[in-house]
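See below for data_27.pdb, which holds PDB, C-alpha atoms.
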```
ATOM      1  CA  MET M   1     -32.284 -10.441 -35.412
ATOM      2  CA  LEU M   2     -32.510 -14.212 -35.759
ATOM      3  CA  VAL M   3     -31.608 -15.749 -39.083
ATOM      4  CA  GLY M   4     -34.448 -17.658 -40.779
ATOM      5  CA  CYS M   5     -34.427 -21.442 -40.958
ATOM      6  CA  MET M   6     -32.922 -23.161 -43.970
ATOM      7  CA  THR M   7     -33.041 -26.849 -44.873
ATOM      8  CA  GLN M   8     -29.935 -28.773 -43.908
ATOM      9  CA  THR M   9     -29.472 -31.898 -41.837
ATOM     10  CA  PRO M  10     -27.796 -31.454 -38.414
ATOM     11  CA  ASP M  11     -24.217 -32.700 -38.165
ATOM     12  CA  SER M  12     -23.973 -33.086 -41.934
ATOM     13  CA  GLY M  13     -20.690 -31.187 -41.969
ATOM     14  CA  MET M  14     -19.913 -27.505 -41.834
ATOM     15  CA  GLY M  15     -19.148 -27.159 -45.549
ATOM     16  CA  ALA M  16     -19.463 -23.623 -46.787
ATOM     17  CA  VAL M  17     -22.368 -22.849 -44.458
ATOM     18  CA  PRO M  18     -21.292 -20.539 -41.597
ATOM     19  CA  PRO M  19     -21.517 -22.208 -38.146
ATOM     20  CA  ALA M  20     -24.209 -19.809 -36.929
ATOM     21  CA  ILE M  21     -26.445 -20.587 -39.912
ATOM     22  CA  GLN M  22     -25.857 -24.316 -39.565
ATOM     23  CA  ALA M  23     -26.640 -24.205 -35.847
ATOM     24  CA  ARG M  24     -29.895 -22.383 -36.522
ATOM     25  CA  ASN M  25     -30.780 -24.885 -39.226
ATOM     26  CA  GLY M  26     -30.247 -27.776 -36.824
ATOM     27  CA  LEU M  27     -32.350 -26.160 -34.125
ATOM     28  CA  CYS M  28     -35.114 -25.418 -36.623
ATOM     29  CA  GLN M  29     -35.270 -29.089 -37.563
ATOM     30  CA  LEU M  30     -35.913 -30.228 -34.001
ATOM     31  CA  PRO M  31     -39.429 -31.477 -33.255
ATOM     32  CA  VAL M  32     -41.667 -28.736 -31.964
ATOM     33  CA  PHE M  33     -42.264 -28.533 -28.232
ATOM     34  CA  ARG M  34     -45.414 -30.506 -27.347
ATOM     35  CA  PRO M  35     -48.219 -28.347 -28.827
ATOM     36  CA  VAL M  36     -50.622 -29.364 -26.056
ATOM     37  CA  ALA M  37     -48.189 -28.110 -23.418
ATOM     38  CA  LEU M  38     -47.907 -24.746 -25.143
ATOM     39  CA  LYS M  39     -51.676 -24.471 -25.526
ATOM     40  CA  MET M  40     -51.987 -25.330 -21.848
ATOM     41  CA  LEU M  41     -49.577 -22.536 -20.982
ATOM     42  CA  ASN M  42     -51.840 -20.031 -22.712
ATOM     43  CA  LEU M  43     -55.162 -21.610 -21.750
ATOM     44  CA  LEU M  44     -54.471 -21.623 -18.030
ATOM     45  CA  ALA M  45     -53.585 -17.944 -18.149
ATOM     46  CA  ASN M  46     -57.296 -17.440 -18.739
ATOM     47  CA  GLU M  47     -59.007 -17.413 -15.359
ATOM     48  CA  GLU M  48     -62.252 -18.527 -17.008
ATOM     49  CA  ALA M  49     -60.723 -21.720 -18.395
ATOM     50  CA  GLU M  50     -63.044 -24.638 -17.683
ATOM     51  CA  VAL M  51     -61.933 -27.961 -16.295
ATOM     52  CA  ARG M  52     -63.624 -29.806 -19.158
ATOM     53  CA  GLY M  53     -61.793 -27.718 -21.728
ATOM     54  CA  ILE M  54     -58.424 -28.350 -20.091
ATOM     55  CA  ALA M  55     -59.125 -32.085 -19.764
ATOM     56  CA  GLY M  56     -60.202 -32.215 -23.394
ATOM     57  CA  LEU M  57     -57.003 -30.522 -24.492
ATOM     58  CA  LEU M  58     -54.881 -33.020 -22.585
ATOM     59  CA  ARG M  59     -56.851 -35.961 -23.999
ATOM     60  CA  SER M  60     -55.867 -34.847 -27.505
ATOM     61  CA  ASP M  61     -52.381 -36.175 -26.676
ATOM     62  CA  PRO M  62     -52.965 -39.615 -25.074
ATOM     63  CA  ALA M  63     -49.289 -40.282 -24.356
ATOM     64  CA  LEU M  64     -48.926 -36.936 -22.641
ATOM     65  CA  SER M  65     -52.143 -37.525 -20.685
ATOM     66  CA  ALA M  66     -50.856 -40.849 -19.353
ATOM     67  CA  GLU M  67     -47.592 -39.285 -18.231
ATOM     68  CA  VAL M  68     -49.376 -36.335 -16.633
ATOM     69  CA  LEU M  69     -51.466 -38.732 -14.548
ATOM     70  CA  ALA M  70     -48.361 -40.704 -13.547
ATOM     71  CA  VAL M  71     -46.519 -37.578 -12.436
ATOM     72  CA  ALA M  72     -49.618 -36.184 -10.714
ATOM     73  CA  ASN M  73     -49.679 -39.337  -8.571
ATOM     74  CA  SER M  74     -45.978 -39.149  -7.726
ATOM     75  CA  ALA M  75     -44.580 -37.992  -4.406
ATOM     76  CA  PHE M  76     -43.368 -34.882  -6.206
ATOM     77  CA  TYR M  77     -46.867 -33.402  -6.217
ATOM     78  CA  GLY M  78     -48.168 -35.096  -3.101
ATOM     79  CA  ALA M  79     -51.762 -35.663  -4.186
ATOM     80  CA  PRO M  80     -53.902 -36.573  -1.149
ATOM     81  CA  ARG M  81     -55.322 -39.653  -2.898
ATOM     82  CA  TYR M  82     -54.836 -41.605  -6.108
ATOM     83  CA  ILE M  83     -55.900 -39.637  -9.194
ATOM     84  CA  ASP M  84     -57.435 -41.880 -11.854
ATOM     85  CA  ASN M  85     -58.650 -39.418 -14.501
ATOM     86  CA  LEU M  86     -57.720 -36.072 -15.978
ATOM     87  CA  THR M  87     -60.725 -34.152 -14.723
ATOM     88  CA  ARG M  88     -60.035 -35.245 -11.183
ATOM     89  CA  ALA M  89     -56.334 -34.464 -11.607
ATOM     90  CA  ILE M  90     -57.154 -30.871 -12.579
ATOM     91  CA  LEU M  91     -59.591 -30.478  -9.683
ATOM     92  CA  VAL M  92     -57.196 -31.948  -7.113
ATOM     93  CA  LEU M  93     -54.035 -30.287  -8.358
ATOM     94  CA  GLY M  94     -55.513 -26.958  -9.442
ATOM     95  CA  PHE M  95     -54.997 -25.146 -12.730
ATOM     96  CA  GLU M  96     -51.498 -23.850 -11.986
ATOM     97  CA  ARG M  97     -50.178 -27.204 -10.739
ATOM     98  CA  THR M  98     -51.707 -28.965 -13.739
ATOM     99  CA  ARG M  99     -49.757 -26.632 -15.986
ATOM    100  CA  SER M 100     -46.554 -27.372 -14.052
ATOM    101  CA  VAL M 101     -47.095 -31.120 -14.425
ATOM    102  CA  THR M 102     -47.784 -30.816 -18.155
ATOM    103  CA  LEU M 103     -44.715 -28.679 -18.840
ATOM    104  CA  THR M 104     -42.528 -30.942 -16.722
ATOM    105  CA  VAL M 105     -43.639 -34.010 -18.655
ATOM    106  CA  ALA M 106     -43.182 -32.233 -21.993
ATOM    107  CA  LEU M 107     -39.649 -31.117 -21.189
ATOM    108  CA  ARG M 108     -38.722 -34.498 -19.745
ATOM    109  CA  SER M 109     -39.822 -36.128 -23.000
ATOM    110  CA  PHE M 110     -37.639 -33.665 -24.909
ATOM    111  CA  THR M 111     -34.583 -34.754 -22.884
ATOM    112  CA  ARG M 112     -35.022 -38.479 -23.520
ATOM    113  CA  HIS M 113     -32.425 -38.634 -26.239
ATOM    114  CA  PRO M 114     -30.508 -41.924 -26.700
ATOM    115  CA  ALA M 115     -27.175 -40.205 -27.352
ATOM    116  CA  ASN M 116     -25.235 -38.421 -24.618
ATOM    117  CA  ALA M 117     -27.729 -39.597 -22.001
ATOM    118  CA  LYS M 118     -25.481 -38.754 -19.055
ATOM    119  CA  VAL M 119     -24.985 -35.156 -20.163
ATOM    120  CA  MET M 120     -28.675 -34.777 -21.005
ATOM    121  CA  GLN M 121     -29.614 -36.122 -17.586
ATOM    122  CA  ALA M 122     -27.403 -33.558 -15.859
ATOM    123  CA  CYS M 123     -29.050 -30.771 -17.855
ATOM    124  CA  TRP M 124     -32.520 -32.093 -17.022
ATOM    125  CA  GLN M 125     -31.725 -32.238 -13.301
ATOM    126  CA  HIS M 126     -30.303 -28.717 -13.415
ATOM    127  CA  SER M 127     -33.470 -27.427 -15.084
ATOM    128  CA  MET M 128     -35.679 -29.194 -12.550
ATOM    129  CA  ALA M 129     -33.625 -27.868  -9.636
ATOM    130  CA  ALA M 130     -33.792 -24.336 -11.032
ATOM    131  CA  ALA M 131     -37.576 -24.652 -11.423
ATOM    132  CA  LEU M 132     -38.042 -25.814  -7.834
ATOM    133  CA  LEU M 133     -35.732 -23.121  -6.476
ATOM    134  CA  ALA M 134     -37.415 -20.408  -8.527
ATOM    135  CA  GLU M 135     -40.766 -21.556  -7.154
ATOM    136  CA  GLU M 136     -39.424 -21.455  -3.592
ATOM    137  CA  LEU M 137     -37.869 -17.996  -3.963
ATOM    138  CA  ALA M 138     -40.795 -16.526  -5.924
ATOM    139  CA  PRO M 139     -42.448 -14.761  -2.939
ATOM    140  CA  LEU M 140     -39.249 -12.791  -2.295
ATOM    141  CA  TYR M 141     -39.420 -11.491  -5.866
ATOM    142  CA  GLU M 142     -43.188 -10.888  -5.693
ATOM    143  CA  ILE M 143     -43.739 -13.298  -8.595
ATOM    144  CA  ALA M 144     -46.414 -15.999  -8.854
ATOM    145  CA  LYS M 145     -45.006 -19.426  -8.096
ATOM    146  CA  ASP M 146     -46.318 -21.069 -11.268
ATOM    147  CA  ARG M 147     -44.642 -18.428 -13.467
ATOM    148  CA  ALA M 148     -41.414 -18.868 -11.522
ATOM    149  CA  TYR M 149     -41.491 -22.650 -11.901
ATOM    150  CA  THR M 150     -42.099 -22.428 -15.649
ATOM    151  CA  ALA M 151     -39.253 -19.937 -16.085
ATOM    152  CA  GLY M 152     -36.809 -22.130 -14.186
ATOM    153  CA  LEU M 153     -37.887 -25.221 -16.073
ATOM    154  CA  ILE M 154     -37.351 -23.806 -19.570
ATOM    155  CA  HIS M 155     -34.400 -21.464 -18.920
ATOM    156  CA  ASP M 156     -31.831 -23.899 -20.379
ATOM    157  CA  VAL M 157     -33.920 -25.210 -23.264
ATOM    158  CA  GLY M 158     -31.294 -23.855 -25.677
ATOM    159  CA  ARG M 159     -28.701 -26.118 -24.094
ATOM    160  CA  LEU M 160     -31.039 -29.101 -24.442
ATOM    161  CA  GLY M 161     -31.751 -28.166 -28.056
ATOM    162  CA  LEU M 162     -28.083 -27.936 -28.995
ATOM    163  CA  LEU M 163     -27.437 -31.300 -27.332
ATOM    164  CA  THR M 164     -30.255 -32.911 -29.291
ATOM    165  CA  ALA M 165     -29.207 -31.420 -32.632
ATOM    166  CA  TYR M 166     -25.427 -31.545 -32.241
ATOM    167  CA  GLY M 167     -24.724 -33.923 -29.362
ATOM    168  CA  GLU M 168     -21.447 -35.406 -30.566
ATOM    169  CA  ARG M 169     -19.985 -31.988 -31.248
ATOM    170  CA  TYR M 170     -21.396 -30.318 -28.125
ATOM    171  CA  ALA M 171     -20.980 -33.035 -25.467
ATOM    172  CA  PRO M 172     -17.178 -32.563 -25.060
ATOM    173  CA  VAL M 173     -17.842 -29.028 -23.795
ATOM    174  CA  PHE M 174     -19.547 -30.588 -20.769
ATOM    175  CA  ALA M 175     -16.519 -32.754 -20.028
ATOM    176  CA  THR M 176     -14.317 -29.679 -19.588
ATOM    177  CA  ARG M 177     -14.115 -27.948 -16.212
ATOM    178  CA  HIS M 178     -14.593 -24.289 -17.080
ATOM    179  CA  ASN M 179     -13.560 -21.418 -14.852
ATOM    180  CA  THR M 180     -16.739 -19.356 -15.176
ATOM    181  CA  VAL M 181     -20.102 -19.269 -16.917
ATOM    182  CA  ALA M 182     -18.610 -16.770 -19.349
ATOM    183  CA  ASP M 183     -16.020 -19.375 -20.346
ATOM    184  CA  CYS M 184     -18.807 -21.904 -20.982
ATOM    185  CA  LEU M 185     -20.641 -19.469 -23.213
ATOM    186  CA  GLU M 186     -17.456 -18.642 -25.101
ATOM    187  CA  SER M 187     -16.815 -22.350 -25.735
ATOM    188  CA  GLU M 188     -20.306 -22.639 -27.219
ATOM    189  CA  ARG M 189     -19.788 -19.597 -29.405
ATOM    190  CA  ARG M 190     -16.538 -21.051 -30.747
ATOM    191  CA  LEU M 191     -18.444 -24.156 -31.845
ATOM    192  CA  PHE M 192     -21.658 -22.641 -33.155
ATOM    193  CA  GLU M 193     -21.173 -18.867 -33.293
ATOM    194  CA  MET M 194     -24.039 -18.823 -30.792
ATOM    195  CA  ASP M 195     -24.367 -19.784 -27.128
ATOM    196  CA  HIS M 196     -27.147 -21.722 -25.457
ATOM    197  CA  CYS M 197     -28.900 -18.498 -24.406
ATOM    198  CA  GLN M 198     -29.186 -17.402 -28.029
ATOM    199  CA  ALA M 199     -30.285 -20.933 -28.953
ATOM    200  CA  GLY M 200     -32.940 -20.822 -26.230
ATOM    201  CA  LEU M 201     -34.239 -17.502 -27.509
ATOM    202  CA  LEU M 202     -34.526 -18.924 -31.027
ATOM    203  CA  LEU M 203     -36.316 -22.096 -29.910
ATOM    204  CA  THR M 204     -38.811 -20.466 -27.547
ATOM    205  CA  GLN M 205     -39.708 -17.884 -30.189
ATOM    206  CA  ARG M 206     -40.056 -20.557 -32.868
ATOM    207  CA  TRP M 207     -42.205 -22.738 -30.623
ATOM    208  CA  GLY M 208     -44.462 -19.864 -29.615
ATOM    209  CA  PHE M 209     -43.667 -19.469 -25.929
ATOM    210  CA  PRO M 210     -44.915 -16.254 -24.299
ATOM    211  CA  SER M 211     -42.334 -13.488 -24.671
ATOM    212  CA  GLU M 212     -41.490 -13.363 -20.955
ATOM    213  CA  TYR M 213     -40.177 -16.930 -21.127
ATOM    214  CA  SER M 214     -38.204 -16.242 -24.305
ATOM    215  CA  ARG M 215     -36.534 -13.397 -22.420
ATOM    216  CA  VAL M 216     -35.662 -15.815 -19.610
ATOM    217  CA  ALA M 217     -34.157 -18.341 -22.032
ATOM    218  CA  GLY M 218     -32.125 -15.631 -23.773
ATOM    219  CA  CYS M 219     -30.979 -13.494 -20.837
ATOM    220  CA  HIS M 220     -30.681 -15.675 -17.712
ATOM    221  CA  HIS M 221     -26.865 -15.503 -17.665
ATOM    222  CA  GLY M 222     -26.722 -11.717 -17.789
ATOM    223  CA  GLU M 223     -25.175  -9.860 -14.870
ATOM    224  CA  MET M 224     -28.063  -8.401 -12.925
ATOM    225  CA  PRO M 225     -28.959  -7.416  -9.360
ATOM    226  CA  ALA M 226     -31.696  -9.218  -7.456
ATOM    227  CA  ALA M 227     -34.729  -7.237  -8.578
ATOM    228  CA  LYS M 228     -38.280  -7.802  -7.416
ATOM    229  CA  GLN M 229     -40.932  -8.573 -10.040
ATOM    230  CA  ASP M 230     -38.214  -9.459 -12.558
ATOM    231  CA  LEU M 231     -38.605 -13.012 -13.832
ATOM    232  CA  VAL M 232     -35.151 -13.051 -15.422
ATOM    233  CA  SER M 233     -33.498 -11.904 -12.191
ATOM    234  CA  LEU M 234     -35.269 -14.649 -10.247
ATOM    235  CA  THR M 235     -34.315 -17.305 -12.805
ATOM    236  CA  HIS M 236     -30.698 -16.105 -12.843
ATOM    237  CA  THR M 237     -30.551 -16.575  -9.074
ATOM    238  CA  ALA M 238     -32.264 -19.971  -9.202
ATOM    239  CA  CYS M 239     -29.812 -21.142 -11.879
ATOM    240  CA  LEU M 240     -26.809 -20.098  -9.789
ATOM    241  CA  LEU M 241     -28.254 -21.689  -6.672
ATOM    242  CA  ALA M 242     -28.967 -24.948  -8.503
ATOM    243  CA  ASP M 243     -25.275 -25.096  -9.440
ATOM    244  CA  ALA M 244     -24.177 -24.299  -5.878
ATOM    245  CA  LEU M 245     -26.405 -26.991  -4.376
ATOM    246  CA  GLY M 246     -24.914 -29.707  -6.565
ATOM    247  CA  PHE M 247     -27.157 -29.698  -9.643
ATOM    248  CA  PRO M 248     -24.909 -28.104 -12.297
ATOM    249  CA  ALA M 249     -25.263 -28.613 -16.022
ATOM    250  CA  MET M 250     -21.528 -27.898 -16.389
ATOM    251  CA  ALA M 251     -18.730 -27.981 -13.811
ATOM    252  CA  LEU M 252     -17.263 -24.580 -12.895
ATOM    253  CA  ALA M 253     -14.024 -23.885 -11.050
ATOM    254  CA  GLN M 254     -15.173 -20.439  -9.962
ATOM    255  CA  ALA M 255     -18.760 -20.226  -8.787
ATOM    256  CA  PRO M 256     -20.417 -18.459  -5.846
ATOM    257  CA  SER M 257     -21.389 -20.492  -2.805
ATOM    258  CA  ALA M 258     -25.011 -21.069  -1.919
ATOM    259  CA  ALA M 259     -24.649 -18.832   1.127
ATOM    260  CA  ALA M 260     -23.229 -15.999  -0.990
ATOM    261  CA  ILE M 261     -26.105 -16.288  -3.457
ATOM    262  CA  VAL M 262     -28.731 -16.302  -0.715
ATOM    263  CA  SER M 263     -27.162 -13.223   0.897
ATOM    264  CA  GLN M 264     -28.063 -11.252  -2.256
ATOM    265  CA  LEU M 265     -31.758 -12.180  -2.287
ATOM    266  CA  PRO M 266     -34.285  -9.345  -2.139
ATOM    267  CA  ALA M 267     -35.190  -8.423   1.426
ATOM    268  CA  ASN M 268     -38.707  -9.149   2.600
ATOM    269  CA  PRO M 269     -39.200  -8.140   6.258
ATOM    270  CA  TRP M 270     -42.758  -9.532   6.241
ATOM    271  CA  ASN M 271     -41.698 -12.932   4.943
ATOM    272  CA  PRO M 272     -37.993 -13.530   5.689
ATOM    273  CA  TYR M 273     -36.355 -16.470   3.969
ATOM    274  CA  THR M 274     -34.767 -19.115   6.186
ATOM    275  CA  PHE M 275     -31.991 -20.877   4.304
ATOM    276  CA  GLN M 276     -31.058 -24.398   5.403
ATOM    277  CA  GLU M 277     -28.672 -25.659   2.761
ATOM    278  CA  GLU M 278     -28.607 -29.412   3.391
ATOM    279  CA  GLN M 279     -32.354 -29.670   3.941
ATOM    280  CA  LEU M 280     -33.033 -27.709   0.758
ATOM    281  CA  LYS M 281     -30.568 -29.786  -1.268
ATOM    282  CA  ASN M 282     -32.059 -33.067  -0.029
ATOM    283  CA  ARG M 283     -35.627 -31.925  -0.634
ATOM    284  CA  ILE M 284     -34.859 -30.944  -4.233
ATOM    285  CA  ALA M 285     -33.005 -34.213  -4.889
ATOM    286  CA  ASN M 286     -35.976 -36.205  -3.583
ATOM    287  CA  GLN M 287     -38.461 -34.229  -5.668
ATOM    288  CA  ILE M 288     -36.423 -34.718  -8.830
ATOM    289  CA  ALA M 289     -36.060 -38.441  -8.119
ATOM    290  CA  SER M 290     -39.802 -38.853  -7.618
ATOM    291  CA  VAL M 291     -40.455 -37.478 -11.113
ATOM    292  CA  GLU M 292     -37.733 -39.559 -12.728
ATOM    293  CA  LEU M 293     -39.199 -42.768 -11.281
ATOM    294  CA  THR M 294     -42.643 -42.275 -12.844
TER     295      THR M 294
END
```
Could you quickly redo this structure as structure tokens?
Amino acid sequence: MLVGCMTQTPDSGMGAVPPAIQARNGLCQLPVFRPVALKMLNLLANEEAEVRGIAGLLRSDPALSAEVLAVANSAFYGAPRYIDNLTRAILVLGFERTRSVTLTVALRSFTRHPANAKVMQACWQHSMAAALLAEELAPLYEIAKDRAYTAGLIHDVGRLGLLTAYGERYAPVFATRHNTVADCLESERRLFEMDHCQAGLLLTQRWGFPSEYSRVAGCHHGEMPAAKQDLVSLTHTACLLADALGFPAMALAQAPSAAAIVSQLPANPWNPYTFQEEQLKNRIANQIASVELT
């Protein structure tokens, strides 16, 4: 069970407060995830959601609206013509793609932290790569692409949260070349008595994410076989593949190759997956760059 939030400033010194309690306090003091993005996540799950209602929700956050339009017009989403207003953006992109744009913008804003920018940028690129890979692999797992993208995008939000709250203390962990993911998690637990998976579970629950995404944030590093219709299994694979293709959040000495990861994907005789490593890597890099330039 998660410990409730107390009031203490992040990085104010460990004092007599246990590291786990202090870490939770710091995470609880982070700004909430963009409320409009979370409302969008729930609103678009309703098939009867109206375009006007979605546009109205976005307009309640003008800064977010402006960024959504900028990203919607980027090469990342490949709109057939310039989109100049929110209603048109929703109609052109579709409900699911509008949600993806909104969540991408919201998470990107969360990562724009002046301290430890290089480390934060690596984490952002890893999350974006995992989202794109999860979306690509989703048919093999019999999961909707928009759910897969969202899961990949937010899977490492605990890592981003710890960096924002405790950057100076946490950043050196990223400078160390760890042997395995388990070693990374152990390093985090030595610092905070929690790892970034536990931090992600706390944040997504506190912010009100649907439970399936909290499970992704909390369990994506568990050992699990490739299982169809399992969002955590898909995200686990996408995370590993993002590392293997050159988009790691942390450097690992022992990590499976992209080919080894792909060999374990669920079989789909009706829709076999053709893996072309360099083409896939270049496509993801270009898509990430197109968002970063908006």
Find the residues of region 139-224 of chain M that sit at most 7 Å from region 111-134 of chain M; for each, write down the nearest two atoms and how far apart they are in Å, to one decimal. Count all atoms listed in the file. Sort by chain, then by number going up, and give it as a Markdown table.
```
| residue | atom | partner | partner_atom | distance |
| --- | --- | --- | --- | --- |
| M:Ala148 | CA | M:Ala134 | CA | 5.2 |
| M:Tyr149 | CA | M:Ala131 | CA | 4.4 |
| M:Thr150 | CA | M:Ala131 | CA | 6.6 |
| M:Ala151 | CA | M:Ala131 | CA | 6.8 |
| M:Gly152 | CA | M:Ala131 | CA | 3.8 |
| M:Leu153 | CA | M:Ala131 | CA | 4.7 |
| M:Ile154 | CA | M:Ser127 | CA | 6.9 |
| M:Asp156 | CA | M:Ser127 | CA | 6.6 |
| M:Leu160 | CA | M:Thr111 | CA | 6.9 |
| M:Thr164 | CA | M:His113 | CA | 6.8 |
| M:Gly167 | CA | M:Asn116 | CA | 6.6 |
| M:Ala171 | CA | M:Asn116 | CA | 6.9 |
```
Region 224-230 of chain M: which residues within 6 Å, counting all atoms listed in the file, same-chain residues fewer than 6 positions away excluded, as a list in words?
Tyr141, Glu142, Ile143, Leu265 and Pro266 of chain M
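Among the candidate residues M:Glu277, M:Ile284, M:His155, M:Phe174, the one lying nearest to Phe209 (chain M) is M:His155, with distances computed using all atoms listed in the file.
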Would you mind telling me which residue in M:Met250, M:Ala242, M:Ser187, M:Arg159 lies nearest to Ala217 (chain M) when using only C-alpha atoms?
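Answer, going by the shortest atom-to-atom distance: M:Arg159.
Between CA of Asn286 (chain M) and CA of Gly246 (chain M) the interatomic distance comes to 13.2 Å.
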Using all atoms listed in the file, which of the listed residues (M:Thr98, M:Ala249, M:Ile261, M:Ala20) sits closest to His236 (chain M)?
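The closest residue to His236 (chain M) is M:Ile261.
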Can you pull out the residues contacting Gln287 (chain M)? Cut-off 8 Å, using all atoms listed in the file, and skip same-chain residues under 3 positions away; I want them as a list in words.
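Once the nearby chain positions are removed, what remains is Ala75, Phe76, Arg283, Ile284, Ser290 and Val291 of chain M.
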Using all atoms listed in the file: which of M:Lys281, M:Arg34, M:Arg206, M:Arg190 has the shortest distance to Arg108 (chain M):
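Checking each of M:Lys281, M:Arg34, M:Arg206, M:Arg190 against Arg108 (chain M), counting all atoms listed in the file, the winner is M:Arg34.
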Starting from the PyMOL selection byres ((chain M and resi 60) around 12), expand the selection into actual residues of this file and give them as a PyMOL selection string.
chain M and resi 34-37+39-40+53-59+61-66+86
With distances taken over only C-alpha atoms, which residue among M:Leu203, M:Val232, M:Leu30, M:Leu140 lies nearest Arg215 (chain M)?
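Looking at the shortest contact to Arg215 (chain M), the residue is M:Val232.
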How many Å separate CA of Leu240 (chain M) from CA of Ser74 (chain M)?
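Computing the Euclidean distance for CA of Leu240 (chain M) and CA of Ser74 (chain M) yields 27.1 Å.
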Axis-aligned box over every listed atom of region 166-185 of chain M, padded by 3 Å per side: centre and edges in Å to one decimal, as lines of an AutoDock Vina configuration file?
```
center_x = -19.5
center_y = -26.1
center_z = -23.5
size_x = 17.9
size_y = 24.6
size_z = 23.4
```
List as a count of residues only the protein and nucleic acid residues near Leu38 (chain M), meaning an atom at most 10 Å away when all atoms listed in the file are counted, but skip any in the same chain fewer than 6 places from it.
8
Applying the PyMOL selection byres ((chain M and resi 201) around 8) to the file I just gave you, which residues come out? Please list them as a ChimeraX atom specification.
/M:158,197-200,202-205,214-215,217-218
Starting from the displayed file, determine the output of the PyMOL selection byres ((chain M and resi 244) around 9) and express the residue list as a count of residues only.
15
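Between CA of Ser100 (chain M) and CA of Ala144 (chain M) lies a distance of 12.5 Å.
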